[in-house]
Structures are given as C-alpha cells and as structure tokens.
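Here is the structure we will look at, set down as structure tokens.
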Amino acid sequence: MVCYQCNNPAVGICKFCGRGVCPDCHSKMPVILSVYVGANQTPKTIVVADALWCGQCKPQPEPISMPEIY
Ligand SMILES: [Zn+2]
Ligand SMILES: [Zn+2]
C-alpha cells in the first residue's frame with residue numbers, strides 16, 4: 001500500500017475515504033463515534049481525538065441524502 005499523494009509507503013488508511021496515507025501527508029481529525037445521554041440528561045459524545053485523515057477528503061458530519069440516485 002502506498003500514499004495516494006506521494007507514493008511513499010503508507011502508514012495507515014484514511015478513516016473517512018480509505019485512501020493510504022504516509023507520515024508526511026496525513027492529518028488528524030476528531031471523529032465522533034457516538035452520542036448518548038448521560039445520567040444527568042446531558043448529551044455526551046465519544047470522540048476519537050486524532051483519527052487518521054488524509055487531509056484531502058471532506059467527511060460529512062451527517063449522512064447526506066442523494067436523491068439523484070433514485
Ligand atoms: Zn480521506
Ligand atoms: Zn504521502
């Protein structure tokens with residue numbers, strides 16, 4: 001597997017788009033894994049603070065609808 005930007009050996013895969021990224025090209029982005037309501041009714045989120053991110057794709061915070069497909 002190689003980095004999709006510079007063809008160096010990739011160290012991981014972008015969590016969002018699946019492309020390989022090397023240490024020089026990757027970025028970090030917090031990822032919200034889930035949202036739940038705590039005991040005091042305060043919404044809480046479980047976040048991965050530094051998920052591997054290629055820095056190029058544009059992860060959407062919400063699922064987007066694509067009516068053109070149907
Ligand atoms: Zn990506
Ligand atoms: Zn690279």
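Going by the structure tokens order, chains are called A, B, ..., each with residues numbered from 1, while ligands are numbered from 1 in the order shown.
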
Practice prompt. Could you report the residues within 8 Å of ligand 2, using only C-alpha atoms and all ligand atoms, as a VMD selection string?
Written response: chain A and resid 2 to 10 21 to 26

Discussion item. Using only C-alpha atoms and all ligand atoms, which residues of the polymer chains come no farther than 8 Å from ligand 1? I'd like the answer as a ChimeraX atom specification.
Written reply: /A:13-19,53-59

Discussion item. Can you tell me, as a list of chain:residue names, which residues in chain A count as strand (DSSP E or B) by DSSP?
Written reply: A:Val2, A:Pro9, A:Gly12, A:Ile13, A:Gly20, A:Val21, A:Ser27, A:Lys28, A:Met29, A:Pro30, A:Val31, A:Ile32, A:Leu33, A:Ser34, A:Val35, A:Tyr36, A:Val37, A:Pro43, A:Lys44, A:Thr45, A:Ile46, A:Val47, A:Val48, A:Ala49, A:Asp50, A:Ala51, A:Leu52, A:Trp53
